[in-house]
$ cat work-v1.tsv   # TSV, C-alpha atoms (C1' of nucleotides) and all ligand atoms
chain	number	residue	atom	x	y	z
A	4	MET	CA	12.62	7.05	13.50
A	5	MET	CA	10.40	6.35	10.56
A	6	PHE	CA	7.42	8.23	11.94
A	7	SER	CA	7.43	11.24	14.23
A	8	LYS	CA	6.55	10.74	17.88
A	9	ALA	CA	3.26	12.51	17.20
A	10	CYS	CA	2.49	10.00	14.49
A	11	GLU	CA	3.42	7.03	16.65
A	12	TYR	CA	1.12	8.26	19.40
A	13	GLY	CA	-1.56	8.98	16.82
A	14	ILE	CA	-1.52	5.46	15.46
A	15	ARG	CA	-1.43	3.86	18.89
A	16	ALA	CA	-4.30	6.09	20.03
A	17	ALA	CA	-6.38	5.32	16.96
A	18	VAL	CA	-5.85	1.60	17.39
A	19	TYR	CA	-6.83	1.79	21.04
A	20	ILE	CA	-9.95	3.80	20.22
A	21	ALA	CA	-10.86	1.27	17.55
A	22	LEU	CA	-10.38	-1.57	19.99
A	23	GLN	CA	-12.72	0.01	22.52
A	24	SER	CA	-15.22	1.03	19.88
A	25	LEU	CA	-15.51	-2.63	18.96
A	26	ASP	CA	-17.52	-3.02	22.10
A	27	ASN	CA	-19.08	0.40	21.99
A	28	ARG	CA	-16.98	2.08	24.61
A	29	ARG	CA	-16.18	5.74	24.15
A	30	VAL	CA	-12.80	6.64	25.65
A	31	SER	CA	-11.34	9.82	27.14
A	32	VAL	CA	-7.95	11.34	26.43
A	33	ASN	CA	-6.88	10.38	29.92
A	34	GLU	CA	-7.71	6.76	29.42
A	35	ILE	CA	-6.08	6.68	26.01
A	36	ALA	CA	-2.85	8.25	27.24
A	37	GLU	CA	-2.81	5.83	30.14
A	38	GLU	CA	-3.33	2.81	27.93
A	39	ILE	CA	-0.86	3.70	25.23
A	40	ASP	CA	1.67	5.20	27.65
A	41	SER	CA	1.86	8.67	26.12
A	42	PRO	CA	1.91	12.25	27.49
A	43	VAL	CA	-1.71	13.26	28.08
A	44	ALA	CA	-1.72	16.85	26.84
A	45	PHE	CA	0.35	16.05	23.80
A	46	THR	CA	-1.90	13.14	22.98
A	47	ALA	CA	-4.89	15.47	23.25
A	48	LYS	CA	-3.36	17.70	20.60
A	49	ILE	CA	-2.82	14.79	18.28
A	50	LEU	CA	-6.37	13.57	18.80
A	51	GLN	CA	-7.58	16.98	17.68
A	52	GLN	CA	-5.79	16.45	14.39
A	53	LEU	CA	-7.27	13.00	14.01
A	54	THR	CA	-10.71	14.42	14.70
A	55	ARG	CA	-10.32	17.25	12.19
A	56	ASN	CA	-9.27	14.70	9.60
A	57	ASN	CA	-12.30	12.52	10.30
A	58	ILE	CA	-10.16	9.64	11.41
A	59	VAL	CA	-11.81	9.43	14.79
A	60	HIS	CA	-15.02	10.97	16.05
A	61	SER	CA	-15.18	13.03	19.23
A	62	VAL	CA	-18.02	13.92	21.59
A	63	LYS	CA	-17.79	16.64	24.21
A	64	GLY	CA	-19.23	16.68	27.68
A	65	PRO	CA	-19.86	13.97	30.26
A	66	THR	CA	-20.03	10.52	28.68
A	67	GLY	CA	-18.10	12.11	25.84
A	68	GLY	CA	-14.81	10.97	24.43
A	69	PHE	CA	-13.43	9.43	21.25
A	70	GLU	CA	-14.83	6.65	19.12
A	71	ILE	CA	-14.58	5.19	15.63
A	72	ASP	CA	-17.44	3.81	13.54
A	73	ARG	CA	-17.18	0.16	12.73
A	74	GLU	CA	-17.17	1.16	9.07
A	75	ALA	CA	-14.36	3.69	9.46
A	76	MET	CA	-12.20	1.04	11.07
A	77	ASP	CA	-12.11	-0.69	7.71
A	78	THR	CA	-11.81	2.32	5.48
A	79	VAL	CA	-9.24	4.22	7.54
A	80	LYS	CA	-5.83	2.89	6.62
A	81	LEU	CA	-2.63	3.78	8.40
A	82	SER	CA	-1.63	5.86	5.41
A	83	LYS	CA	-4.41	8.29	6.24
A	84	ILE	CA	-3.16	8.78	9.78
A	85	VAL	CA	0.44	9.17	8.69
A	86	LYS	CA	-0.53	11.67	6.05
A	87	ALA	CA	-2.66	13.67	8.49
A	88	ILE	CA	0.17	13.97	11.00
A	89	ASP	CA	3.47	13.70	9.15
A	90	GLY	CA	2.36	14.83	5.72
A	91	ASP	CA	3.45	13.02	2.62
A	92	LYS	CA	7.20	13.47	2.81
A	93	ILE	CA	7.50	9.81	3.69
A	94	TYR	CA	5.92	8.98	0.33
A	95	VAL	CA	7.53	11.50	-1.95
A	96	GLY	CA	10.73	12.66	-0.24
A	97	CYS	CA	14.23	11.79	-1.46
A	98	GLY	CA	16.08	9.39	0.81
A	99	LEU	CA	19.22	11.49	0.62
A	100	GLY	CA	17.40	14.75	1.17
A	101	LEU	CA	17.43	16.25	-2.31
A	102	LYS	CA	14.72	18.85	-2.71
A	103	GLU	CA	12.54	16.35	-4.48
A	104	CYS	CA	12.73	12.74	-5.51
A	105	ASN	CA	12.81	12.62	-9.27
A	106	ALA	CA	13.52	9.55	-11.36
A	107	ASP	CA	14.82	11.72	-14.19
A	108	ARG	CA	17.52	13.16	-12.02
A	109	PRO	CA	17.88	10.56	-9.28
A	110	CYS	CA	20.17	10.58	-6.29
A	111	PRO	CA	22.60	7.66	-6.03
A	112	LEU	CA	20.26	5.78	-3.72
A	113	HIS	CA	17.08	6.40	-5.66
A	114	ASP	CA	16.43	2.99	-7.18
A	115	LYS	CA	17.06	1.05	-4.03
A	116	PHE	CA	15.28	3.57	-1.90
A	117	VAL	CA	12.16	3.69	-4.02
A	118	ASP	CA	11.71	-0.05	-3.69
A	119	ILE	CA	11.59	0.17	0.07
A	120	ARG	CA	9.51	3.31	0.12
A	121	THR	CA	6.98	1.67	-2.16
A	122	ASP	CA	6.76	-1.35	0.09
A	123	LEU	CA	6.21	0.93	3.03
A	124	ARG	CA	3.51	2.89	1.24
A	125	THR	CA	1.78	-0.26	0.11
A	126	MET	CA	1.85	-1.61	3.62
A	127	LEU	CA	0.40	1.58	5.08
A	128	GLN	CA	-2.25	1.84	2.40
A	129	SER	CA	-3.42	-1.69	2.94
A	130	THR	CA	-3.45	-1.85	6.72
A	131	SER	CA	-6.70	-0.87	8.39
A	132	LEU	CA	-7.38	0.06	11.97
A	133	TYR	CA	-9.71	-2.89	12.25
A	134	GLU	CA	-6.96	-5.27	11.34
A	135	LEU	CA	-4.67	-3.85	13.99
A	136	ALA	CA	-7.38	-3.66	16.63
A	137	THR	CA	-8.35	-7.31	16.29
A	138	GLY	CA	-4.80	-8.46	16.96
A	139	LEU	CA	-4.94	-6.45	20.16
A	140	GLU	CA	-8.34	-7.83	21.04
A	141	VAL	CA	-7.21	-11.42	21.05
A	142	GLY	CA	-4.12	-10.54	23.05
A	143	LEU	CA	-1.55	-11.13	20.35
A	144	THR	CA	-0.25	-7.58	20.34
A	145	TYR	CA	0.33	-4.71	22.75
A	146	LEU	CA	0.27	-0.94	22.78
A	147	LYS	CA	2.74	-0.41	25.56
A	148	ARG	CA	5.67	-2.21	27.01
B	27	MET	CA	12.24	11.40	7.07
B	28	MET	CA	13.95	8.06	7.22
B	29	PHE	CA	17.39	9.47	8.02
B	30	SER	CA	18.23	12.64	9.90
B	31	LYS	CA	19.45	15.65	7.95
B	32	ALA	CA	22.89	15.03	9.39
B	33	CYS	CA	22.83	11.51	8.03
B	34	GLU	CA	21.63	12.61	4.61
B	35	TYR	CA	24.45	15.15	4.38
B	36	GLY	CA	26.87	12.54	5.68
B	37	ILE	CA	26.00	10.04	2.98
B	38	ARG	CA	26.04	12.63	0.22
B	39	ALA	CA	29.40	13.93	1.45
B	40	ALA	CA	30.90	10.46	1.64
B	41	VAL	CA	29.73	9.63	-1.85
B	42	TYR	CA	31.18	12.85	-3.20
B	43	ILE	CA	34.50	12.24	-1.46
B	44	ALA	CA	34.57	8.72	-2.86
B	45	LEU	CA	33.87	10.02	-6.34
B	46	GLN	CA	36.76	12.47	-6.16
B	47	SER	CA	39.07	9.96	-4.55
B	48	LEU	CA	38.53	7.76	-7.59
B	49	ASP	CA	40.82	10.12	-9.40
B	50	ASN	CA	42.97	10.94	-6.43
B	51	ARG	CA	41.56	14.32	-5.61
B	52	ARG	CA	41.41	15.35	-1.99
B	53	VAL	CA	38.49	17.67	-1.30
B	54	SER	CA	37.86	20.45	1.24
B	55	VAL	CA	34.75	20.98	3.32
B	56	ASN	CA	33.98	24.03	1.25
B	57	GLU	CA	34.05	22.12	-1.99
B	58	ILE	CA	32.00	19.29	-0.53
B	59	ALA	CA	29.31	21.58	0.85
B	60	GLU	CA	29.18	23.38	-2.46
B	61	GLU	CA	28.84	20.19	-4.46
B	62	ILE	CA	26.26	18.49	-2.30
B	63	ASP	CA	24.39	21.71	-1.49
B	64	SER	CA	24.66	21.58	2.27
B	65	PRO	CA	25.47	24.10	5.04
B	66	VAL	CA	29.25	24.33	5.28
B	67	ALA	CA	29.81	24.47	9.03
B	68	PHE	CA	27.25	21.78	9.73
B	69	THR	CA	28.79	19.58	7.10
B	70	ALA	CA	32.18	20.09	8.74
B	71	LYS	CA	30.76	18.75	11.98
B	72	ILE	CA	29.41	15.69	10.28
B	73	LEU	CA	32.68	15.07	8.50
B	74	GLN	CA	34.38	15.03	11.89
B	75	GLN	CA	32.10	12.18	12.90
B	76	LEU	CA	32.85	10.32	9.70
B	77	THR	CA	36.57	10.81	10.29
B	78	ARG	CA	36.41	9.58	13.88
B	79	ASN	CA	34.57	6.52	12.69
B	80	ASN	CA	37.18	5.81	10.03
B	81	ILE	CA	34.71	6.20	7.25
B	82	VAL	CA	36.70	8.92	5.56
B	83	HIS	CA	40.28	10.03	6.07
B	84	SER	CA	41.23	13.64	6.71
B	85	VAL	CA	44.44	15.57	6.26
B	86	LYS	CA	45.05	18.97	7.79
B	87	GLY	CA	46.88	21.94	6.34
B	88	PRO	CA	47.28	23.23	2.82
B	89	THR	CA	46.64	20.53	0.22
B	90	GLY	CA	44.71	18.81	2.96
B	91	GLY	CA	41.12	17.72	2.86
B	92	PHE	CA	39.10	14.53	2.84
B	93	GLU	CA	39.65	11.32	0.94
B	94	ILE	CA	38.69	7.66	0.99
B	95	ASP	CA	40.97	4.71	0.16
B	96	ARG	CA	39.90	2.72	-2.82
B	97	GLU	CA	39.62	-0.26	-0.50
B	98	ALA	CA	37.41	1.52	2.00
B	99	MET	CA	35.01	2.44	-0.75
B	100	ASP	CA	34.18	-1.22	-1.04
B	101	THR	CA	34.18	-2.14	2.61
B	102	VAL	CA	32.30	0.90	3.89
B	103	LYS	CA	28.61	0.24	3.46
B	104	LEU	CA	25.88	2.77	4.01
B	105	SER	CA	24.92	0.97	7.19
B	106	LYS	CA	28.20	2.08	8.74
B	107	ILE	CA	27.51	5.73	8.00
B	108	VAL	CA	23.94	5.54	9.22
B	109	LYS	CA	25.04	3.83	12.41
B	110	ALA	CA	27.79	6.39	13.02
B	111	ILE	CA	25.41	9.31	12.70
B	112	ASP	CA	21.92	8.14	13.58
B	113	GLY	CA	22.78	5.20	15.79
B	114	ASP	CA	20.97	1.92	15.45
B	115	LYS	CA	17.42	2.96	16.28
B	116	ILE	CA	16.53	2.52	12.64
B	117	TYR	CA	17.48	-1.14	12.96
B	118	VAL	CA	16.10	-2.02	16.35
B	119	GLY	CA	13.41	0.57	17.16
B	120	CYS	CA	9.69	-0.21	17.29
B	121	GLY	CA	7.74	1.36	14.44
B	122	LEU	CA	5.04	2.51	16.83
B	123	GLY	CA	7.49	3.84	19.38
B	124	LEU	CA	7.30	1.20	22.09
B	125	LYS	CA	10.37	1.26	24.28
B	126	GLU	CA	11.80	-1.65	22.40
B	127	CYS	CA	10.80	-3.84	19.52
B	128	ASN	CA	10.23	-7.32	20.85
B	129	ALA	CA	8.70	-10.20	18.94
B	130	ASP	CA	7.48	-11.76	22.19
B	131	ARG	CA	5.39	-8.74	22.98
B	132	PRO	CA	4.90	-7.11	19.62
B	133	CYS	CA	3.05	-3.93	18.76
B	134	PRO	CA	0.17	-4.28	16.30
B	135	LEU	CA	2.39	-3.29	13.41
B	136	HIS	CA	5.37	-5.44	14.33
B	137	ASP	CA	5.17	-8.17	11.69
B	138	LYS	CA	4.59	-5.85	8.79
B	139	PHE	CA	7.07	-3.33	10.06
B	140	VAL	CA	9.86	-5.82	10.60
B	141	ASP	CA	9.64	-6.94	6.99
B	142	ILE	CA	10.27	-3.45	5.73
B	143	ARG	CA	12.90	-2.68	8.30
B	144	THR	CA	14.77	-5.83	7.37
B	145	ASP	CA	14.70	-4.89	3.70
B	146	LEU	CA	16.04	-1.49	4.60
B	147	ARG	CA	18.82	-2.93	6.72
B	148	THR	CA	19.76	-5.42	4.05
B	149	MET	CA	19.88	-2.68	1.47
B	150	LEU	CA	22.09	-0.48	3.65
B	151	GLN	CA	24.38	-3.32	4.57
B	152	SER	CA	24.91	-4.33	0.98
B	153	THR	CA	25.38	-0.92	-0.60
B	154	SER	CA	28.97	0.35	-0.77
B	155	LEU	CA	30.25	3.83	-1.37
B	156	TYR	CA	32.01	2.60	-4.49
B	157	GLU	CA	28.76	1.44	-5.96
B	158	LEU	CA	27.13	4.80	-5.38
B	159	ALA	CA	30.13	6.78	-6.56
B	160	THR	CA	30.33	4.98	-9.90
B	161	GLY	CA	26.73	5.85	-10.75
B	162	LEU	CA	27.66	9.47	-10.17
B	163	GLU	CA	30.82	9.16	-12.21
B	164	VAL	CA	29.04	8.10	-15.33
B	165	GLY	CA	26.44	10.81	-14.90
B	166	LEU	CA	23.51	8.60	-14.08
B	167	THR	CA	22.90	10.10	-10.65
B	168	TYR	CA	23.19	13.44	-8.89
B	169	LEU	CA	23.97	14.81	-5.44
B	170	LYS	CA	22.03	18.01	-5.71
B	171	ARG	CA	19.03	19.24	-7.54
C	7	DT	C1'	-30.78	25.89	36.11
C	8	DC	C1'	-26.44	24.42	37.84
C	9	DA	C1'	-22.54	21.60	38.63
C	10	DA	C1'	-19.62	18.38	36.68
C	11	DT	C1'	-17.18	16.34	32.77
C	12	DA	C1'	-15.01	16.13	28.59
C	13	DA	C1'	-12.90	17.96	24.13
C	14	DA	C1'	-11.02	22.33	21.71
C	15	DG	C1'	-7.72	25.61	21.29
C	16	DG	C1'	-4.24	28.99	22.31
C	17	DA	C1'	-0.12	30.31	24.73
C	18	DC	C1'	3.86	28.83	26.66
C	19	DA	C1'	8.03	25.70	28.04
C	20	DT	C1'	11.43	22.21	27.18
C	21	DT	C1'	14.26	19.35	24.43
C	22	DT	C1'	16.34	17.94	20.25
C	23	DT	C1'	17.99	18.87	15.84
C	24	DT	C1'	19.99	21.78	12.82
C	25	DG	C1'	23.04	25.25	11.94
C	26	DT	C1'	26.86	29.12	12.90
C	27	DC	C1'	31.11	31.21	14.61
C	28	DC	C1'	35.55	31.46	16.09
C	29	DG	C1'	39.99	30.23	17.94
C	30	DA	C1'	43.43	26.33	18.16
C	31	DA	C1'	46.06	22.79	16.02
C	32	DT	C1'	48.45	21.06	11.95
C	33	DA	C1'	50.99	21.00	7.87
C	34	DA	C1'	52.69	22.80	3.29
C	35	DT	C1'	55.49	26.14	1.05
C	36	DA	C1'	57.65	30.33	0.03
D	22	DT	C1'	60.58	31.10	9.93
D	23	DA	C1'	56.37	33.33	8.57
D	24	DT	C1'	52.29	32.81	5.98
D	25	DT	C1'	48.57	30.46	4.55
D	26	DA	C1'	45.22	26.77	4.02
D	27	DT	C1'	43.13	23.36	6.03
D	28	DT	C1'	40.69	20.32	9.74
D	29	DC	C1'	39.32	20.10	14.82
D	30	DG	C1'	36.68	21.31	18.65
D	31	DG	C1'	33.98	23.99	21.69
D	32	DA	C1'	30.53	27.44	22.51
D	33	DC	C1'	26.74	29.47	20.84
D	34	DA	C1'	22.15	30.39	18.06
D	35	DA	C1'	18.00	29.25	15.62
D	36	DA	C1'	14.43	26.31	14.37
D	37	DA	C1'	11.60	22.39	14.87
D	38	DA	C1'	9.61	18.82	17.56
D	39	DT	C1'	7.85	17.49	21.76
D	40	DG	C1'	5.37	18.44	25.72
D	41	DT	C1'	2.54	21.44	29.38
D	42	DC	C1'	-0.98	24.54	31.19
D	43	DC	C1'	-5.00	27.01	31.32
D	44	DT	C1'	-9.24	28.96	29.59
D	45	DT	C1'	-13.27	28.26	26.68
D	46	DT	C1'	-17.01	25.56	24.77
D	47	DA	C1'	-20.25	21.88	24.58
D	48	DT	C1'	-23.04	18.45	26.81
D	49	DT	C1'	-24.93	15.64	30.39
D	50	DG	C1'	-27.55	14.72	34.25
D	51	DA	C1'	-29.05	15.98	38.87
A	201	LIG	S1	15.96	11.12	-5.88
A	201	LIG	FE1	16.67	10.42	-3.97
A	201	LIG	S2	15.24	8.87	-3.55
A	201	LIG	FE2	14.57	9.55	-5.47
A	202	LIG	S1	7.26	-4.17	18.57
A	202	LIG	FE1	6.69	-2.54	17.29
A	202	LIG	S2	7.85	-2.97	15.55
A	202	LIG	FE2	8.40	-4.61	16.82

$ encode --input "work-v1.tsv" --output "structure tokens" --more "lines below"
Ligand code: FES
Ligand code: FES
Amino acid sequence: MMFSKACEYGIRAAVYIALQSLDNRRVSVNEIAEEIDSPVAFTAKILQQLTRNNIVHSVKGPTGGFEIDREAMDTVKLSKIVKAIDGDKIYVGCGLGLKECNADRPCPLHDKFVDIRTDLRTMLQSTSLYELATGLEVGLTYLKR
Amino acid sequence: MMFSKACEYGIRAAVYIALQSLDNRRVSVNEIAEEIDSPVAFTAKILQQLTRNNIVHSVKGPTGGFEIDREAMDTVKLSKIVKAIDGDKIYVGCGLGLKECNADRPCPLHDKFVDIRTDLRTMLQSTSLYELATGLEVGLTYLKR
DNA sequence: TCAATAAAGGACATTTTTGTCCGAATAATA
DNA sequence: TATTATTCGGACAAAAATGTCCTTTATTGA
């Protein structure tokens, strides 16, 4: 509802890859899709986008798969994933669908909407994959129901 | 991005109807679509939903059109429109797309996401059509670019 | 070198959302 | 009563998002 399905899968996949990379396991699309409960082929497409955007790293061939450097887990924030998949409409779009959000000619919801949108952006820009992966690691959070 | 197109049009239409009802003008779909810059026939469909949900009132025939009681302008909050058109997924859905959002088995983003979602809900539940229409009336806000 | 394994990428299929069209129902008014 | 202006409702169409399939490419290890 806030993010596209593709983006939801992308974030879940990235978090799972980060989790496994924490103990140096490279993971395949099949395993990822299984663990995050997502359609395999569609997930593969999304992983291609993440790879092209240097969010995850991929290796072909046997023993290949996806992984994330320990460093990237800190530097890659959710905002980067969202931007790669959904673009920046979530950051700059008007809540009521005007062609652009513009404080000089605001829609009736502008002021209230901007507050929330800013909170969302701040949250996404400050949340790293590492942070999300560690919650998973200690069993506090889950990637599927 | 946050709301569907249908919902965006629905809110803009409702605000415009409220604005005109402030000085007792009933408005037609054609006028509404013109003034909020939306596709006429699609807007008509959305207005039907708003009518069925008692958000606006419609009158058929010549001199007919849409209107909103002065009282309803206060009691109808944006949350009612959003719920009528987009349902309640925006309020109860998991940000990462898990089948349901559940604090007992949260996704990695749950805590941070819930904060923002709650702010959004609170904002929608506390914002009335009257409030939005008055900003328009005095020329502070706009419904099209 | 060859078979097996995995990602990459393109074409296609399905579903959902967005949008259109047209006839029926309703009501005002001449 | 006939005409006209309006919403209502259903069927349809187009576009976008979601999802599938299959072939190619890279890499490993026997
Ligand atoms: S103009 Fe609508 S949110 Fe800024
Ligand atoms: S479980 Fe994901 S937002 Fe609550």

$ residues_near_ligand --input "work-v1.tsv" --ligand "ligand LIG 202 (chain A)" --cutoff "8 Å" --atoms "all atoms listed in the file" --output "list in words"
Gly119, Cys120, Gly121, Leu122, Gly123, Leu124, Glu126, Cys127, Asn128, Ala129, Arg131, Pro132, Cys133, Pro134, Leu135, His136, Asp137, Phe139 and Val140 of chain B

$ closest_residue --input "work-v1.tsv" --among "B:Glu34, B:Asp130, B:Glu57, B:Asp95" --to "ligand LIG 201 (chain A)" --atoms "all atoms listed in the file"
B:Glu34

$ residues_around --input "work-v1.tsv" --residues "Asp118 in chain A" --least-positions-apart "2" --cutoff "12 Å" --atoms "all atoms listed in the file" --output "MDAnalysis selection string"
(chainID A and resid 94 98 112:116 120:125) or (chainID B and resid 142 145:146 149)

$ write_last_selection --input "work-v1.tsv" --atoms "C-alpha atoms" --output "JSON list (two decimals), in the coordinates of the input"
[["chain", "number", "residue", "atom", "x", "y", "z"],
["A", 94, "TYR", "CA", 5.92, 8.98, 0.33],
["A", 98, "GLY", "CA", 16.08, 9.39, 0.81],
["A", 112, "LEU", "CA", 20.26, 5.78, -3.72],
["A", 113, "HIS", "CA", 17.08, 6.40, -5.66],
["A", 114, "ASP", "CA", 16.43, 2.99, -7.18],
["A", 115, "LYS", "CA", 17.06, 1.05, -4.03],
["A", 116, "PHE", "CA", 15.28, 3.57, -1.90],
["A", 120, "ARG", "CA", 9.51, 3.31, 0.12],
["A", 121, "THR", "CA", 6.98, 1.67, -2.16],
["A", 122, "ASP", "CA", 6.76, -1.35, 0.09],
["A", 123, "LEU", "CA", 6.21, 0.93, 3.03],
["A", 124, "ARG", "CA", 3.51, 2.89, 1.24],
["A", 125, "THR", "CA", 1.78, -0.26, 0.11],
["B", 142, "ILE", "CA", 10.27, -3.45, 5.73],
["B", 145, "ASP", "CA", 14.70, -4.89, 3.70],
["B", 146, "LEU", "CA", 16.04, -1.49, 4.60],
["B", 149, "MET", "CA", 19.88, -2.68, 1.47]]

$ closest_residue --input "work-v1.tsv" --among "B:Asp49, B:Ser30, B:Ser105, B:Val66" --to "Thr160 in chain B" --atoms "only C-alpha atoms"
B:Asp49

$ closest_residue --input "work-v1.tsv" --among "B:Ile37, B:Leu76, B:Val164, B:Val53" --to "ligand LIG 201 (chain A)" --atoms "only C-alpha atoms and all ligand atoms"
B:Ile37

$ interface_residues --input "work-v1.tsv" --of "chain B" --to "chain D" --cutoff "6 Å" --atoms "all atoms listed in the file" --output "list in words"
Lys86, Gly87, Pro88 and Gly90 of chain B

$ closest_residue --input "work-v1.tsv" --among "A:Ile84, A:Leu143, A:Leu50, A:Val59" --to "chain C" --atoms "all atoms listed in the file"
A:Leu50

$ closest_residue --input "work-v1.tsv" --among "A:Leu127, A:Ile93, A:Val62, A:Val79" --to "chain C" --atoms "all atoms listed in the file"
A:Val62

$ atom_distance --input "work-v1.tsv" --atom1 "CA of Lys71 in chain B" --atom2 "CA of Phe6 in chain A"
25.6 Å

$ atom_distance --input "work-v1.tsv" --atom1 "CA of Lys170 in chain B" --atom2 "CA of Asp63 in chain B"
6.1 Å

$ atom_distance --input "work-v1.tsv" --atom1 "CA of Ile39 in chain A" --atom2 "CA of Asp114 in chain B"
24.0 Å

$ closest_atom_pairs --input "work-v1.tsv" --of "chain B" --to "ligand LIG 201 (chain A)" --cutoff "9 Å" --atoms "all atoms listed in the file" --output "JSON lines"
{"residue": "B:Thr167", "atom": "CA", "partner": "A:LIG201", "partner_atom": "S1", "distance": 8.5}
{"residue": "B:Tyr168", "atom": "CA", "partner": "A:LIG201", "partner_atom": "S1", "distance": 8.2}
{"residue": "B:Leu169", "atom": "CA", "partner": "A:LIG201", "partner_atom": "FE1", "distance": 8.6}
{"residue": "B:Arg171", "atom": "CA", "partner": "A:LIG201", "partner_atom": "S1", "distance": 8.8}

$ closest_residue --input "work-v1.tsv" --among "B:Met99, B:Ala110, B:Leu104, B:Ala70" --to "chain A" --atoms "all atoms listed in the file"
B:Leu104

$ interface_residues --input "work-v1.tsv" --of "chain C" --to "chain B" --cutoff "7 Å" --atoms "all atoms listed in the file" --output "PyMOL selection string"
chain C and resi 25-26+32-34
